[in-house]
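Below is the file coords16.csv, which contains CSV, C-alpha atoms.
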```
chain,number,residue,atom,x,y,z
A,845,MET,CA,-20.1,-2.7,-9.1
A,846,GLY,CA,-21.8,-3.7,-12.3
A,847,SER,CA,-20.1,-4.1,-15.6
A,848,GLU,CA,-21.2,-3.1,-19.1
A,849,LYS,CA,-21.2,-5.1,-22.3
A,850,GLN,CA,-21.6,-3.3,-25.6
A,851,GLY,CA,-23.0,-4.7,-28.8
A,852,PHE,CA,-24.4,-3.5,-32.1
A,853,ILE,CA,-27.9,-4.2,-33.5
A,854,TRP,CA,-29.0,-3.6,-37.1
A,855,LEU,CA,-32.7,-2.5,-37.3
A,856,SER,CA,-34.4,-1.2,-40.5
A,857,GLY,CA,-31.0,-0.4,-42.0
A,858,LEU,CA,-29.9,1.6,-39.0
A,859,LEU,CA,-27.1,0.8,-36.6
A,860,PHE,CA,-28.0,1.0,-32.9
A,861,LEU,CA,-25.6,0.8,-30.0
A,862,ASN,CA,-26.9,-1.8,-27.6
A,863,ILE,CA,-25.6,-1.6,-24.0
A,864,PHE,CA,-26.3,-4.5,-21.7
A,865,VAL,CA,-25.9,-3.8,-18.0
A,866,LEU,CA,-24.8,-6.9,-16.2
A,867,SER,CA,-25.5,-7.1,-12.5
A,868,THR,CA,-22.6,-8.3,-10.4
A,869,ALA,CA,-23.1,-11.8,-9.0
A,870,ASP,CA,-21.0,-13.0,-6.0
A,871,VAL,CA,-19.2,-16.3,-5.6
A,872,HIS,CA,-19.6,-17.9,-2.1
A,873,TYR,CA,-17.3,-20.5,-0.8
A,874,TYR,CA,-18.3,-23.1,1.8
A,875,GLU,CA,-16.3,-25.8,3.5
A,876,PHE,CA,-18.3,-28.9,4.7
A,877,SER,CA,-16.7,-31.6,6.8
A,878,LEU,CA,-18.6,-34.8,7.1
A,879,GLN,CA,-17.8,-36.7,10.4
A,880,GLU,CA,-19.3,-39.2,12.7
A,881,SER,CA,-20.3,-37.3,15.8
A,882,PRO,CA,-22.1,-38.3,19.1
A,883,PHE,CA,-25.5,-36.7,19.8
A,884,THR,CA,-27.8,-37.2,22.8
A,885,LYS,CA,-31.5,-37.2,22.3
A,886,LEU,CA,-34.4,-39.3,23.7
A,887,CYS,CA,-32.2,-39.9,26.8
A,888,SER,CA,-29.5,-41.8,24.9
A,889,THR,CA,-26.4,-41.0,23.0
A,890,LYS,CA,-25.7,-42.4,19.4
A,891,ILE,CA,-23.3,-41.7,16.6
A,892,ILE,CA,-24.6,-39.9,13.5
A,893,LEU,CA,-23.2,-38.6,10.3
A,894,ALA,CA,-23.1,-34.8,10.6
A,895,LEU,CA,-21.7,-32.0,8.6
A,896,ASN,CA,-19.6,-29.5,10.5
A,897,GLY,CA,-20.8,-31.2,13.7
A,898,SER,CA,-24.3,-29.9,13.5
A,899,PHE,CA,-27.8,-31.4,13.1
A,900,PRO,CA,-29.4,-30.1,10.9
A,901,GLY,CA,-26.4,-29.2,8.8
A,902,PRO,CA,-25.1,-25.7,8.0
A,903,GLU,CA,-27.3,-23.3,6.1
A,904,ILE,CA,-26.2,-21.8,2.8
A,905,ARG,CA,-27.4,-18.2,2.3
A,906,VAL,CA,-26.7,-16.4,-0.9
A,907,ARG,CA,-28.5,-14.1,-3.4
A,908,ARG,CA,-30.3,-14.8,-6.7
A,909,GLY,CA,-27.9,-15.4,-9.5
A,910,ASP,CA,-24.9,-16.1,-7.3
A,911,THR,CA,-22.4,-18.9,-7.7
A,912,VAL,CA,-21.9,-21.3,-4.8
A,913,SER,CA,-18.8,-23.4,-4.3
A,914,VAL,CA,-19.1,-26.2,-1.7
A,915,ASN,CA,-16.1,-28.2,-0.9
A,916,VAL,CA,-17.1,-31.4,1.0
A,917,HIS,CA,-14.4,-33.3,3.0
A,918,ASN,CA,-15.5,-36.9,3.8
A,919,GLN,CA,-13.9,-37.8,7.2
A,920,ALA,CA,-16.5,-40.5,7.9
A,921,ASN,CA,-16.4,-44.2,7.2
A,922,TYR,CA,-19.1,-44.2,4.5
A,923,ALA,CA,-19.1,-42.9,1.0
A,924,VAL,CA,-21.5,-40.0,0.5
A,925,SER,CA,-22.9,-37.6,-2.1
A,926,LEU,CA,-25.1,-34.5,-1.8
A,927,ASP,CA,-28.2,-33.6,-3.7
A,928,TRP,CA,-29.1,-29.9,-4.3
A,929,GLU,CA,-32.8,-30.3,-4.6
A,930,GLY,CA,-34.6,-27.7,-6.8
A,931,VAL,CA,-31.4,-26.2,-8.3
A,932,GLU,CA,-31.9,-25.9,-12.1
A,933,ASP,CA,-28.2,-25.9,-13.0
A,934,THR,CA,-26.7,-29.3,-13.9
A,935,ILE,CA,-23.9,-29.8,-11.4
A,936,GLU,CA,-20.9,-31.6,-12.9
A,937,GLY,CA,-20.0,-34.7,-10.9
A,938,SER,CA,-22.9,-34.5,-8.6
A,939,ASN,CA,-23.7,-38.2,-9.0
A,940,ASN,CA,-20.3,-39.2,-7.9
A,941,THR,CA,-19.9,-40.5,-4.4
A,942,ILE,CA,-17.2,-39.0,-2.1
A,943,GLN,CA,-15.2,-41.8,-0.7
A,944,PRO,CA,-13.9,-41.7,2.9
A,945,GLY,CA,-10.8,-39.6,3.2
A,946,ARG,CA,-11.5,-37.7,-0.1
A,947,ASN,CA,-13.2,-34.4,-1.0
A,948,PHE,CA,-15.3,-33.1,-3.8
A,949,THR,CA,-16.3,-29.5,-4.7
A,950,TYR,CA,-19.8,-28.8,-6.0
A,951,ASN,CA,-20.0,-25.7,-8.2
A,952,ILE,CA,-23.5,-24.3,-8.5
A,953,GLU,CA,-24.5,-21.4,-10.7
A,954,LEU,CA,-27.9,-20.1,-9.6
A,955,GLY,CA,-30.4,-18.7,-12.1
A,956,ASP,CA,-34.0,-17.8,-11.3
A,957,GLU,CA,-34.2,-19.7,-8.1
A,958,ILE,CA,-35.5,-17.5,-5.2
A,959,GLY,CA,-36.7,-18.2,-1.7
A,960,THR,CA,-35.8,-21.5,0.0
A,961,LEU,CA,-34.4,-24.8,-1.3
A,962,ARG,CA,-32.7,-27.7,0.5
A,963,TRP,CA,-29.7,-29.9,0.2
A,964,HIS,CA,-29.3,-33.4,1.6
A,965,ALA,CA,-27.3,-36.6,1.3
A,966,THR,CA,-28.5,-38.9,-1.4
A,967,SER,CA,-28.4,-42.0,0.9
A,968,ALA,CA,-31.7,-42.4,2.6
A,969,TRP,CA,-30.0,-43.2,6.0
A,970,ALA,CA,-27.5,-40.4,5.7
A,971,ALA,CA,-30.1,-37.9,4.7
A,972,ALA,CA,-31.9,-38.3,8.0
A,973,THR,CA,-29.1,-36.3,9.6
A,974,VAL,CA,-27.1,-34.8,6.7
A,975,HIS,CA,-29.4,-32.1,5.4
A,976,GLY,CA,-29.8,-28.3,5.5
A,977,ALA,CA,-31.4,-25.2,4.1
A,978,PHE,CA,-30.4,-23.4,0.9
A,979,VAL,CA,-31.6,-19.8,1.2
A,980,ILE,CA,-31.6,-17.6,-1.9
A,981,LEU,CA,-32.3,-13.9,-1.1
A,982,PRO,CA,-33.2,-11.3,-3.7
A,983,VAL,CA,-30.4,-9.4,-5.3
A,984,ALA,CA,-29.4,-6.1,-3.6
A,985,ASN,CA,-32.1,-3.4,-4.0
A,986,GLU,CA,-34.6,-5.9,-5.4
A,987,ASP,CA,-38.0,-5.8,-3.7
A,988,TYR,CA,-40.0,-8.8,-2.5
A,989,PRO,CA,-43.4,-9.3,-4.3
A,990,PHE,CA,-44.9,-9.1,-0.8
A,991,PRO,CA,-44.4,-6.9,2.3
A,992,ALA,CA,-40.7,-6.9,3.2
A,993,PRO,CA,-40.1,-9.0,6.3
A,994,THR,CA,-38.3,-7.5,9.3
A,995,SER,CA,-36.5,-10.8,9.9
A,996,ASP,CA,-36.5,-14.4,8.8
A,997,GLN,CA,-36.3,-17.8,10.4
A,998,THR,CA,-35.6,-21.2,8.9
A,999,ILE,CA,-37.5,-24.2,10.5
A,1000,ILE,CA,-36.4,-27.7,9.5
A,1001,LEU,CA,-38.7,-30.6,10.4
A,1002,GLY,CA,-36.6,-33.6,10.9
A,1003,GLU,CA,-36.6,-37.1,12.3
A,1004,TRP,CA,-34.6,-39.1,14.9
A,1005,PHE,CA,-33.9,-42.8,15.1
A,1006,ARG,CA,-32.7,-44.6,18.2
A,1007,GLU,CA,-30.8,-47.1,16.1
A,1008,GLU,CA,-27.1,-46.5,15.6
A,1009,LEU,CA,-26.2,-45.4,12.1
A,1010,THR,CA,-23.3,-47.9,12.1
A,1011,GLU,CA,-25.8,-50.7,12.7
A,1012,ALA,CA,-28.2,-49.7,9.9
A,1013,ASN,CA,-28.3,-51.3,6.5
A,1014,GLN,CA,-27.1,-48.4,4.3
A,1015,THR,CA,-28.7,-49.9,1.2
A,1016,ILE,CA,-32.3,-49.5,2.3
A,1017,ALA,CA,-34.5,-46.6,3.5
A,1018,PRO,CA,-35.0,-46.2,7.3
A,1019,GLY,CA,-38.2,-47.3,8.8
A,1020,SER,CA,-40.5,-45.3,11.1
A,1021,ALA,CA,-38.8,-42.6,13.1
A,1022,ASP,CA,-38.7,-42.7,16.9
A,1023,ALA,CA,-39.2,-39.0,17.2
A,1024,TYR,CA,-39.6,-35.8,15.1
A,1025,THR,CA,-37.6,-32.7,15.6
A,1026,ILE,CA,-37.8,-28.9,15.0
A,1027,ASN,CA,-34.3,-27.7,14.0
A,1028,GLY,CA,-32.8,-30.7,15.7
A,1029,HIS,CA,-34.8,-30.4,18.9
A,1030,PRO,CA,-37.3,-33.1,19.9
A,1031,GLY,CA,-39.1,-30.9,22.3
A,1032,GLU,CA,-41.0,-31.9,25.5
A,1033,THR,CA,-43.3,-34.6,24.2
A,1034,TYR,CA,-41.1,-37.6,24.4
A,1035,GLY,CA,-40.7,-37.9,28.2
A,1036,CYS,CA,-36.9,-37.1,28.4
A,1037,SER,CA,-36.0,-34.2,30.6
A,1038,ASN,CA,-32.7,-33.8,28.7
A,1039,ASP,CA,-34.3,-33.1,25.4
A,1040,THR,CA,-34.2,-29.5,24.3
A,1041,THR,CA,-37.0,-27.5,22.7
A,1042,PHE,CA,-36.7,-25.1,19.8
A,1043,GLU,CA,-37.7,-21.5,20.6
A,1044,MET,CA,-38.4,-18.7,18.2
A,1045,GLN,CA,-38.4,-15.2,19.7
A,1046,VAL,CA,-40.6,-12.5,18.0
A,1047,ASP,CA,-41.6,-8.9,18.5
A,1048,TYR,CA,-45.3,-7.9,18.6
A,1049,GLN,CA,-46.5,-6.9,15.1
A,1050,GLY,CA,-43.1,-7.6,13.5
A,1051,LEU,CA,-43.2,-9.4,10.1
A,1052,TYR,CA,-41.2,-12.6,9.8
A,1053,LEU,CA,-40.5,-14.7,6.7
A,1054,VAL,CA,-40.5,-18.3,8.0
A,1055,ARG,CA,-38.9,-20.9,5.8
A,1056,VAL,CA,-40.4,-24.4,6.6
A,1057,ILE,CA,-38.6,-27.5,5.3
A,1058,ASN,CA,-39.9,-31.0,5.6
A,1059,ALA,CA,-36.7,-33.1,5.8
A,1060,VAL,CA,-38.7,-36.2,7.0
A,1061,ALA,CA,-38.2,-38.9,4.3
A,1062,ASN,CA,-41.4,-40.9,4.4
A,1063,GLU,CA,-44.0,-38.7,6.1
A,1064,THR,CA,-46.2,-35.8,5.2
A,1065,MET,CA,-45.9,-33.3,8.1
A,1066,LEU,CA,-48.5,-31.0,9.5
A,1067,PHE,CA,-47.2,-27.7,10.9
A,1068,ASP,CA,-48.9,-24.9,12.7
A,1069,ILE,CA,-48.3,-22.1,15.3
A,1070,GLU,CA,-50.9,-21.8,18.0
A,1071,LYS,CA,-53.4,-19.0,17.4
A,1072,HIS,CA,-51.5,-17.5,14.5
A,1073,ARG,CA,-52.3,-17.3,10.8
A,1074,LEU,CA,-49.7,-17.8,8.1
A,1075,THR,CA,-49.5,-16.3,4.6
A,1076,ILE,CA,-47.9,-18.6,2.0
A,1077,VAL,CA,-45.6,-16.6,-0.3
A,1078,GLY,CA,-43.3,-19.2,-1.8
A,1079,GLN,CA,-42.6,-22.9,-2.4
A,1080,ASN,CA,-39.6,-24.9,-3.5
A,1081,GLY,CA,-37.4,-22.0,-4.7
A,1082,THR,CA,-40.0,-19.8,-6.3
A,1083,TYR,CA,-42.5,-17.2,-5.3
A,1084,THR,CA,-46.2,-18.1,-5.4
A,1085,ASN,CA,-49.5,-16.2,-5.2
A,1086,ARG,CA,-50.3,-15.3,-1.6
A,1087,SER,CA,-52.7,-17.5,0.2
A,1088,PHE,CA,-53.8,-17.6,3.9
A,1089,THR,CA,-53.9,-20.6,6.2
A,1090,SER,CA,-53.8,-21.6,9.8
A,1091,SER,CA,-51.6,-24.7,9.1
A,1092,LEU,CA,-49.3,-26.2,6.5
A,1093,THR,CA,-49.2,-29.6,5.0
A,1094,LEU,CA,-45.8,-30.5,3.7
A,1095,ALA,CA,-45.0,-33.6,1.6
A,1096,PRO,CA,-41.6,-35.3,2.1
A,1097,GLY,CA,-39.0,-32.9,0.8
A,1098,GLN,CA,-41.4,-30.0,0.4
A,1099,VAL,CA,-40.4,-26.4,1.3
A,1100,ILE,CA,-42.9,-23.6,2.0
A,1101,ASP,CA,-42.1,-20.0,2.7
A,1102,VAL,CA,-44.7,-18.1,4.8
A,1103,LEU,CA,-45.1,-14.7,6.4
A,1104,LEU,CA,-45.9,-14.6,10.1
A,1105,CYS,CA,-47.2,-11.4,11.9
A,1106,PRO,CA,-47.2,-12.0,15.7
A,1107,ASN,CA,-50.4,-10.1,16.7
A,1108,GLN,CA,-51.5,-12.0,19.8
A,1109,ASN,CA,-51.3,-11.2,23.5
A,1110,VAL,CA,-47.7,-11.4,24.8
A,1111,GLY,CA,-46.8,-14.9,25.9
A,1112,ARG,CA,-45.7,-18.2,24.6
A,1113,TYR,CA,-47.4,-20.3,22.0
A,1114,TYR,CA,-46.8,-23.8,20.8
A,1115,ILE,CA,-45.2,-24.5,17.4
A,1116,THR,CA,-46.4,-28.0,16.5
A,1117,ALA,CA,-45.1,-30.5,14.0
A,1118,ARG,CA,-46.8,-33.9,13.6
A,1119,SER,CA,-47.0,-36.6,11.0
A,1120,SER,CA,-50.2,-37.1,9.0
A,1121,SER,CA,-50.1,-40.7,10.2
A,1122,GLY,CA,-50.4,-39.4,13.8
A,1123,ARG,CA,-47.3,-41.5,14.8
A,1124,HIS,CA,-45.5,-38.7,16.7
A,1125,ILE,CA,-45.8,-35.1,17.6
A,1126,THR,CA,-43.2,-32.5,18.6
A,1127,ASN,CA,-43.5,-29.0,19.9
A,1128,GLY,CA,-41.4,-25.8,19.8
A,1129,ILE,CA,-42.2,-22.4,21.4
A,1130,LEU,CA,-43.0,-19.0,19.9
A,1131,ARG,CA,-42.1,-16.5,22.5
A,1132,TYR,CA,-43.0,-12.7,22.4
A,1133,THR,CA,-40.2,-10.4,23.5
A,1134,THR,CA,-42.0,-7.1,23.4
A,1135,THR,CA,-45.4,-6.0,24.8
A,1136,THR,CA,-48.5,-5.1,23.0
A,1137,THR,CA,-49.9,-1.6,23.1
A,1138,SER,CA,-53.3,-2.8,24.3
A,1139,PHE,CA,-55.0,-6.0,25.2
```

Can you present the structure in this file as structure tokens?
Amino acid sequence: MGSEKQGFIWLSGLLFLNIFVLSTADVHYYEFSLQESPFTKLCSTKIILALNGSFPGPEIRVRRGDTVSVNVHNQANYAVSLDWEGVEDTIEGSNNTIQPGRNFTYNIELGDEIGTLRWHATSAWAAATVHGAFVILPVANEDYPFPAPTSDQTIILGEWFREELTEANQTIAPGSADAYTINGHPGETYGCSNDTTFEMQVDYQGLYLVRVINAVANETMLFDIEKHRLTIVGQNGTYTNRSFTSSLTLAPGQVIDVLLCPNQNVGRYYITARSSSGRHITNGILRYTTTTTSF
């Protein structure tokens, strides 16, 4: 429930009772555990830094104006710190590294941020696998400034290195990736039968808010969905004027929110992510789960 704060204002010699209605903001608590975990991709297994055993890391999902408390336990062999990119609030102690065997709690008070942001490790090598989405929904009963989506999907464009993390020089940025990923999946373009492919299931004429994050450190990424148009509605934690496109160009670290209306014949369509340098390409699948009324 909301709370009320009363105050008094003098205006033209008259006293007015001023009532401020304060909306209730929630506090969300997250526990992150940083560990060294084995992952198999490109037909080989390597050890990576991962939060809560996942790549990409866990998604934070809250509402505008909420407070977020993230307690990070470092159970790995490397010191780490996290960056909350796009958050306006100054986070006390955010520049401190969390030493192995220690923990640190980030307390984040959200303001006007809305849409999608991202979090990631500050170390360039660690950030390749330690990153995730920071989704900020409207407050309860608040309308979107665009048609309300029936569902939403986060898509993180990432990169994968064959080199073992423990062999890497932690003081320098990684070089060229050996593969790109969609939500951690390399897809079918790298010649390894064990690699998995990201799949997004949709209903015909549904309306989906797709949150696309470029977590690739040194490459501009090109993103498109075969035969489908996209409507851009937000970028980097704020709403934008609507614009229409058949593909997205995302600079390193950029986040773009788009609306997708699946309106093609029932089937499967490629979701494609590739670097602007043309070094690698990866595919996912958009799959229709309901039939059209006519063809």

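Restricting the calculation to only C-alpha atoms, the smallest distance between Val1110 of chain A and any of A:Cys1036, A:Ala965, A:Leu895, A:Val1046 is found for A:Val1046.
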
Checklist entry - Excluding same-chain residues fewer than 5 positions from Val1060 of chain A, what lies within 6 Å of it counting all atoms listed in the file, as a ChimeraX atom specification? => result /A:1002-1003,1096

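Shortest separation to Thr1116 of chain A among A:Val1077, A:Val1102, A:Met1065, A:Leu893 occurs at residue A:Met1065, atoms counted being all atoms listed in the file.
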
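Across the structure, atom CA of Gly955 of chain A and atom CA of Gly909 of chain A are spaced 4.9 Å apart.
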
Using 10 Å as the limit and counting only C-alpha atoms, can you tabulate each residue of segment 868-940 of chain A that touches segment 980-991 of chain A, with its shortest atom-to-atom distance in Å and the two atoms involved, as a Markdown table?
```
| residue | atom | partner | partner_atom | distance |
| --- | --- | --- | --- | --- |
| A:Thr868 | CA | A:Val983 | CA | 9.4 |
| A:Ala869 | CA | A:Val983 | CA | 8.5 |
| A:Ile904 | CA | A:Ile980 | CA | 8.3 |
| A:Arg905 | CA | A:Ile980 | CA | 6.0 |
| A:Val906 | CA | A:Ile980 | CA | 5.1 |
| A:Arg907 | CA | A:Leu981 | CA | 4.4 |
| A:Arg908 | CA | A:Pro982 | CA | 5.4 |
| A:Gly909 | CA | A:Val983 | CA | 7.7 |
| A:Asp910 | CA | A:Ile980 | CA | 8.7 |
```

Grab the residues selected above and save them as a PDB file, in the coordinates of the input with C-alpha atoms.
```pdb
ATOM      1  CA  THR A 868     -22.600  -8.300 -10.400  1.00  0.00           C
ATOM      2  CA  ALA A 869     -23.100 -11.800  -9.000  1.00  0.00           C
ATOM      3  CA  ILE A 904     -26.200 -21.800   2.800  1.00  0.00           C
ATOM      4  CA  ARG A 905     -27.400 -18.200   2.300  1.00  0.00           C
ATOM      5  CA  VAL A 906     -26.700 -16.400  -0.900  1.00  0.00           C
ATOM      6  CA  ARG A 907     -28.500 -14.100  -3.400  1.00  0.00           C
ATOM      7  CA  ARG A 908     -30.300 -14.800  -6.700  1.00  0.00           C
ATOM      8  CA  GLY A 909     -27.900 -15.400  -9.500  1.00  0.00           C
ATOM      9  CA  ASP A 910     -24.900 -16.100  -7.300  1.00  0.00           C
TER      10      ASP A 910
END
```

Checklist entry - Mind listing as number ranges by chain all residues within 9 Å of (-34.8, -20.6, -8.1), counting all atoms listed in the file? => result A: 908-909, 930-932, 954-961, 980, 1080-1083

Checklist outcome for this item: Between A:Arg1118, A:His1072, A:Lys890, A:His964, smallest distance to Pro902 of chain A by all atoms listed in the file belongs to A:His964

Item to check | Residue contacts of Gly937 of chain A (10 Å, all atoms listed in the file) excluding same-chain residues fewer than 2 positions away, as an MDAnalysis selection string | outcome: chainID A and resid 925 934:935 939:941 948:951

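Neighbourhood of point (-15.5, -35.9, 9.7): residues with an atom at most 8 Å away, counting all atoms listed in the file, are Ser877, Leu878, Gln879, Glu880, Ser881, Ala894, Leu895, Asn896, His917, Asn918, Gln919 and Ala920 of chain A.
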
Preceding selection exported with C-alpha atoms as an mmCIF file, in the frame of the given file:
```
data_model
loop_
_atom_site.group_PDB
_atom_site.id
_atom_site.type_symbol
_atom_site.label_atom_id
_atom_site.label_comp_id
_atom_site.auth_asym_id
_atom_site.auth_seq_id
_atom_site.Cartn_x
_atom_site.Cartn_y
_atom_site.Cartn_z
ATOM 1 C CA SER A 877 -16.700 -31.600 6.800
ATOM 2 C CA LEU A 878 -18.600 -34.800 7.100
ATOM 3 C CA GLN A 879 -17.800 -36.700 10.400
ATOM 4 C CA GLU A 880 -19.300 -39.200 12.700
ATOM 5 C CA SER A 881 -20.300 -37.300 15.800
ATOM 6 C CA ALA A 894 -23.100 -34.800 10.600
ATOM 7 C CA LEU A 895 -21.700 -32.000 8.600
ATOM 8 C CA ASN A 896 -19.600 -29.500 10.500
ATOM 9 C CA HIS A 917 -14.400 -33.300 3.000
ATOM 10 C CA ASN A 918 -15.500 -36.900 3.800
ATOM 11 C CA GLN A 919 -13.900 -37.800 7.200
ATOM 12 C CA ALA A 920 -16.500 -40.500 7.900
#
```

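For the set A:Ala923, A:Val974, A:Thr1134, A:Ala968, the residue with the smallest atom-to-atom gap to Phe876 of chain A is A:Val974, counting all atoms listed in the file.
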
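Using all atoms listed in the file, the residues found no farther than 12 Å from Pro882 of chain A, other than those of its own chain fewer than 2 positions away, are Gln879, Glu880, Thr884, Lys885, Ser888, Thr889, Lys890, Ile891, Ile892, Leu893, Ala894, Gly897, Ser898, Phe899, Thr973, Glu1008, Leu1009 and Thr1010 of chain A.
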
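Interatomic distance, atom CA of Ala970 of chain A against atom CA of Ile999 of chain A: 19.6 Å.
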
Checklist entry - At what distance in Å, to one decimal, does atom CA of Val1099 of chain A lie from atom CA of Gly1078 of chain A? => result 8.4 Å
